[in-house]
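Student: First the structure, which I've put down as structure tokens, then a few questions once you've had a look.
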Amino acid sequence: MQFKPFTRSLAIALSLAFLAGCAGKGGTQDGSMDGTGTGTGTAGTGTAGSGQVSGTGLGAGSGQMADSRIPEVRTIYFAYDSDQIRSEFESVLNAHARYLRSNGSARVVLQGHTDERGTREYNLALGERRAKAVERFLNIQGVSSSQVEVVSYGEERPAARGQSEDAYAQNRRVIFAY
Amino acid sequence: MKLLITTWLAALLLMVGSQAQANLTIEITRGSDRATPIAVVPFAGGEALPEDVAQVIHDNLARSGYFDPLPRGAMMDRPAESGEVRYGNWKALDVRYLVVGRASQEGNGYRLQFELIDVSGERRMIGETVTSGQGELRAAGHYISDEIFEAITGIRGAFATRIAYVTAQGVGDNIQYALYVADADGRNSQQVLSSSQPILSPAWSPDGSKLAYVSFETERPAIYIQNLATGQRVRATSFEGLNGAPAWSPDGRRLAMTLSKDGQPEIYIMDIGARTFERVTNSSSIDTEPDWSPDGRSLLFTSDRSGGPQLYRLQLGSGEVERLTFTGNYNARGRFAPDGESIFLIHRGGNGFQVARQELDSNRLVVLSESRQDESPSVAPNGTMVIFATQQGNNGVLGAVSADGRASFRLPAAQSDVREPAWSPFLD
């Protein structure tokens with residue numbers, strides 16, 4: 001998630017160039033982002049430009065940089081028996097939304113997973129519900145439905161084994177598979 | 001392009017009908033306190049045969065929970081036929097029934113003679129000569145076990161049936177899944193399918209010739225129907241979204257299943273021959289895990305329309321839906337008993353997820369299994385036992401429990417996680 005120093009300075013350079021070219025576009029992008037201040041997903045970008053350009057401009061510009069690459073964080077986690085997107089992961093979703101909007105030909109499969117508790121077929125349905133919650137979030141952010149597909153694996157592909165709460169928490173997830 | 005390549009890889013990894021083995025061994029975990037004492041005397045001449053048929057019968061009867069076979073070491077003598085039985089010896093050991101027999105080679109196969117004797121009545125109940133081909137000695141033992149079981153209990157035996165199950169080996173991105181069928185005692189296993197993607201929900205056709213199952217081999221779930229004798233298979237469904245929980249109608253012509261192509265997971269009935277689909281549930285919640293009543297008139301299914309998962313019954317004629325479970329806040333994956341008068345299900349209570357039985361007239365729910373993570377109950381065709389997936393340490397194993405909960409056993413595999421058992425119908 002964090003930009004490496006080199007990338008960071010590159011981002012600044014690009015964002016400045018970008019701002020010079022089309023400052024107006026940044027505004028539109030922000031507007032469609034459902035409160036871009038929440039763009040902590042691009043947390044690295046926030047620090048990158050501090051003091052050099054205006055906040056708004058930075059958000060749009062460095063966002064543009066990030067938008068050319070698939071966001072690095074591609075897994076978000078869920079509470080037990082829940083398909084609610086936790087606030088700490090909204091930034092991750094925002095970053096993916098930006099990437100998908102900026103890259104109309106990009107396709108993502110949202111893989112929904114559950115922990116092993118409960119029955120397998122019911123968990124397939126719960127995993128789908130999780131992935132669809134993410135899909136809805138992306139759609140609201142302006143991502144085209146044709147770019148997103150949902151596949152639920154239920155409890156069939158655990159990331160961690162065992163019956164600990166920790167293993168369960170690692171398994172309740174949606175993965176962005178590009 | 002990436003998808004295409006991985007799909008090809010998955011296809012290459014499929015080894016339909018290969019002979020890989022994943023035999024299960026049986027550990028009896030709880031004997032029934034009501035088990036009937038019986039003795040299965042080693043068959044005269046049996047030492048020369050590659051399988052100890054009397055031991056196969058002994059193990060089957062012990063596993064059923066209905067019988068408590070006498071250990072061989074406790075036998076005072078070893079009669080080979082009813083004429084040789086000294087009843088006093090067996091009465092002194094409190095043995096109620098006695099099985100005696102002879103075994104010999106005949107041509108390319110074997111000849112087995114057995115008799116079942118009522119010790120207190122001092123009379124022969126049944127006797128038969130069974131011939132078996134090479135490699136069929138265990139099958140002959142299962143057949144004889146069925147005859148004995150039915151003669152004493154009045155219930156048709158289910159020892160000569162099979163089970164299907166799924167194994168998983170490895171972790172993370174390197175899990176290898178396989179679908180097997182084996183004899184009901186876990187032996188004689190044969191691989192049906194192997195894949196680097198999940199396999200689940202195997203379901204036997206009512207004639208025992210085919211399995212329907214869910215495979216993710218294309219990186220999307222799809223329902224397949226595979227002929228076990230020929231290995232030939234067809235993809236029945238591959239809609240967008242869920243393609244899951246296949247369940248055969250009693251006449252074998254239709255498949256109930258879960259599809260989410262219209263948004264929510266709903267239950268559909270597929271006419272297999274016509275390849276047409278009829279949607280039979282309509283709710284804004286999850287509807288899944290259908291099972292047909294033995295008379296084919298209704299479907300049992302799981303729905304969270306009340307908030308959490310509970311079991312419901314849909315009358316196919318009227319469309320009427322009735323909620324069946326009210327004990328606790330998690331009841332799912334229901335399966336009808338063969339007589340249609342009770343259901344087996346997964347119930348979450350204070351001790352986790354366990355197999356339970358509920359009578360449909362009284363709605364009384366009884367928990368049958370004992371561990372915390374039990375799944376996928378599947379009922380023997382004679383209704384006497386339920387096989388299910390459970391945990392032993394960090395490994396998935398199969399467990400079974402008698403329908404009254406009194407007797408139980410486990411079928412661990414040597415290496416892999418075992419899950420998703422499905423008990424076959426009677427196979428004749």
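All residue names refer to the structure tokens as shown: chains lettered A, B, ... in order, residues numbered from 1 in each chain, ligands numbered from 1 in order.
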Dump as JSON, numbers by chain the residues of chain B that approach chain A to within 9 Å, counting only C-alpha atoms.
Tutor: {"B": [171, 172, 173, 175, 197, 198, 199, 200, 201, 216, 219, 220, 221, 240, 241, 242, 244, 245, 258, 260, 264, 265, 286, 287, 288, 289, 302, 303, 309, 330, 332, 333, 346, 348, 352, 353, 373, 374, 375, 376, 393, 394, 395, 420]}
Student: Based on the selection just made, write C-alpha atoms of those residues as a PDB file, in the first residue's frame.
Tutor:
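Full text of out-v7.pdb as output:
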```pdb
ATOM      1  CA  VAL B 171      -2.729 -25.482   1.938  1.00  0.00           C
ATOM      2  CA  GLY B 172      -3.275 -22.047   0.493  1.00  0.00           C
ATOM      3  CA  ASP B 173      -2.985 -21.921  -3.275  1.00  0.00           C
ATOM      4  CA  ILE B 175      -4.669 -27.506  -2.434  1.00  0.00           C
ATOM      5  CA  GLN B 197      -9.929 -26.303  -7.751  1.00  0.00           C
ATOM      6  CA  PRO B 198     -12.627 -27.114  -5.168  1.00  0.00           C
ATOM      7  CA  ILE B 199     -15.011 -30.042  -5.556  1.00  0.00           C
ATOM      8  CA  LEU B 200     -18.065 -30.370  -3.321  1.00  0.00           C
ATOM      9  CA  SER B 201     -21.632 -31.563  -2.848  1.00  0.00           C
ATOM     10  CA  PHE B 216     -14.659 -25.209  -9.755  1.00  0.00           C
ATOM     11  CA  GLU B 219     -12.439 -21.330 -11.885  1.00  0.00           C
ATOM     12  CA  ARG B 220     -16.208 -20.907 -11.765  1.00  0.00           C
ATOM     13  CA  PRO B 221     -18.611 -23.257 -10.005  1.00  0.00           C
ATOM     14  CA  GLU B 240     -23.185 -16.837 -13.732  1.00  0.00           C
ATOM     15  CA  GLY B 241     -23.015 -16.950  -9.936  1.00  0.00           C
ATOM     16  CA  LEU B 242     -23.657 -19.950  -7.740  1.00  0.00           C
ATOM     17  CA  GLY B 244     -24.543 -25.551  -6.248  1.00  0.00           C
ATOM     18  CA  ALA B 245     -26.198 -28.115  -4.006  1.00  0.00           C
ATOM     19  CA  THR B 258     -29.067 -23.567  -6.093  1.00  0.00           C
ATOM     20  CA  SER B 260     -27.931 -17.186  -8.154  1.00  0.00           C
ATOM     21  CA  GLN B 264     -30.168 -14.071  -4.914  1.00  0.00           C
ATOM     22  CA  PRO B 265     -29.398 -17.747  -4.340  1.00  0.00           C
ATOM     23  CA  ILE B 286     -30.480 -17.090   0.709  1.00  0.00           C
ATOM     24  CA  ASP B 287     -32.329 -20.250  -0.314  1.00  0.00           C
ATOM     25  CA  THR B 288     -30.101 -23.294  -0.748  1.00  0.00           C
ATOM     26  CA  GLU B 289     -29.316 -26.928   0.127  1.00  0.00           C
ATOM     27  CA  THR B 302     -32.176 -23.913   4.050  1.00  0.00           C
ATOM     28  CA  SER B 303     -33.202 -20.261   4.052  1.00  0.00           C
ATOM     29  CA  PRO B 309     -30.452 -20.145   8.528  1.00  0.00           C
ATOM     30  CA  TYR B 330     -28.653 -22.094  13.057  1.00  0.00           C
ATOM     31  CA  ALA B 332     -29.086 -26.046   7.921  1.00  0.00           C
ATOM     32  CA  ARG B 333     -28.322 -28.747   5.300  1.00  0.00           C
ATOM     33  CA  ILE B 346     -26.692 -29.464  11.087  1.00  0.00           C
ATOM     34  CA  ARG B 348     -25.651 -25.063  16.111  1.00  0.00           C
ATOM     35  CA  GLY B 352     -20.821 -25.774  18.005  1.00  0.00           C
ATOM     36  CA  PHE B 353     -22.164 -27.384  14.847  1.00  0.00           C
ATOM     37  CA  GLN B 373     -17.459 -28.737  13.641  1.00  0.00           C
ATOM     38  CA  ASP B 374     -19.721 -31.330  12.052  1.00  0.00           C
ATOM     39  CA  GLU B 375     -21.009 -30.943   8.505  1.00  0.00           C
ATOM     40  CA  SER B 376     -22.769 -32.590   5.588  1.00  0.00           C
ATOM     41  CA  GLY B 393      -7.234 -32.488  15.403  1.00  0.00           C
ATOM     42  CA  ASN B 394      -6.800 -30.174  12.443  1.00  0.00           C
ATOM     43  CA  ASN B 395      -7.852 -32.829   9.962  1.00  0.00           C
ATOM     44  CA  GLU B 420     -18.546 -34.107   1.901  1.00  0.00           C
TER      45      GLU B 420
END
```
Student: Mind checking which residues fall within 6 Å of A:Gly154, counting only C-alpha atoms, ignoring those fewer than 5 positions away in the same chain, and posting them as a compact mmCIF listing (two decimals) with C-alpha atoms, in the first residue's frame?
Tutor:
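The file below, part30.txt, is the result:
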```txt
# COMPACT_ATOMS: atom_id res chain seq x y z
CA HIS A 113 -14.66 -16.42 1.08
CA THR A 114 -15.96 -17.45 4.50
CA ASN A 123 -21.19 -20.60 3.12
CA LEU A 124 -20.99 -20.41 -0.67
CA GLY A 127 -19.28 -15.71 0.34
```
Student: For B:Asp68, find every residue with an atom within 6 Å (counting only C-alpha atoms), except residues of its own chain fewer than 2 positions away, and show them as a PDB file with N, CA and C atoms, in the first residue's frame.
Tutor:
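Printed below is out_1.pdb as written:
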```pdb
ATOM      1  N   ALA B  35     -26.702 -52.913  22.062  1.00  0.00           N
ATOM      2  CA  ALA B  35     -26.285 -53.798  20.979  1.00  0.00           C
ATOM      3  C   ALA B  35     -26.520 -55.255  21.357  1.00  0.00           C
ATOM      4  N   THR B  36     -26.954 -56.031  20.371  1.00  0.00           N
ATOM      5  CA  THR B  36     -27.250 -57.442  20.588  1.00  0.00           C
ATOM      6  C   THR B  36     -25.957 -58.261  20.492  1.00  0.00           C
ATOM      7  N   PRO B  37     -25.683 -59.130  21.503  1.00  0.00           N
ATOM      8  CA  PRO B  37     -24.477 -59.953  21.428  1.00  0.00           C
ATOM      9  C   PRO B  37     -24.588 -61.010  20.327  1.00  0.00           C
ATOM     10  N   ALA B  62     -20.483 -54.798  13.937  1.00  0.00           N
ATOM     11  CA  ALA B  62     -20.055 -53.945  15.053  1.00  0.00           C
ATOM     12  C   ALA B  62     -20.317 -52.480  14.714  1.00  0.00           C
TER      13      ALA B  62
END
```
Student: According to DSSP computed on the backbone, where in stretch 146-306 of chain B is there alpha helix (DSSP H)? Give the residues as a PyMOL selection string.
Tutor: chain B and resi 146-153
Student: Which residues are close to A:Ser68, i.e. within 9 Å by only C-alpha atoms, leaving aside same-chain residues fewer than 6 positions away? Reply as a list in words.
Tutor: Tyr99, Ser102 and Asn103 of chain A
Student: If you keep C-alpha atoms, can you produce a file of those selected residues as a short mmCIF file (atom, residue, chain, number, x, y, z; two decimals), in the first residue's frame?
Tutor:
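Below you can see again-v3.cif, which holds the result:
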```
data_model
loop_
_atom_site.label_atom_id
_atom_site.label_comp_id
_atom_site.auth_asym_id
_atom_site.auth_seq_id
_atom_site.Cartn_x
_atom_site.Cartn_y
_atom_site.Cartn_z
CA TYR A 99 -8.27 1.94 -11.00
CA SER A 102 -9.52 4.73 -15.18
CA ASN A 103 -8.95 1.46 -16.98
#
```
Student: Any idea what the distance is between atom CA of B:Ser205 and atom CA of B:Gln190?
Tutor: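 Separating atom CA of B:Ser205 from atom CA of B:Gln190 is a distance of 17.7 Å.
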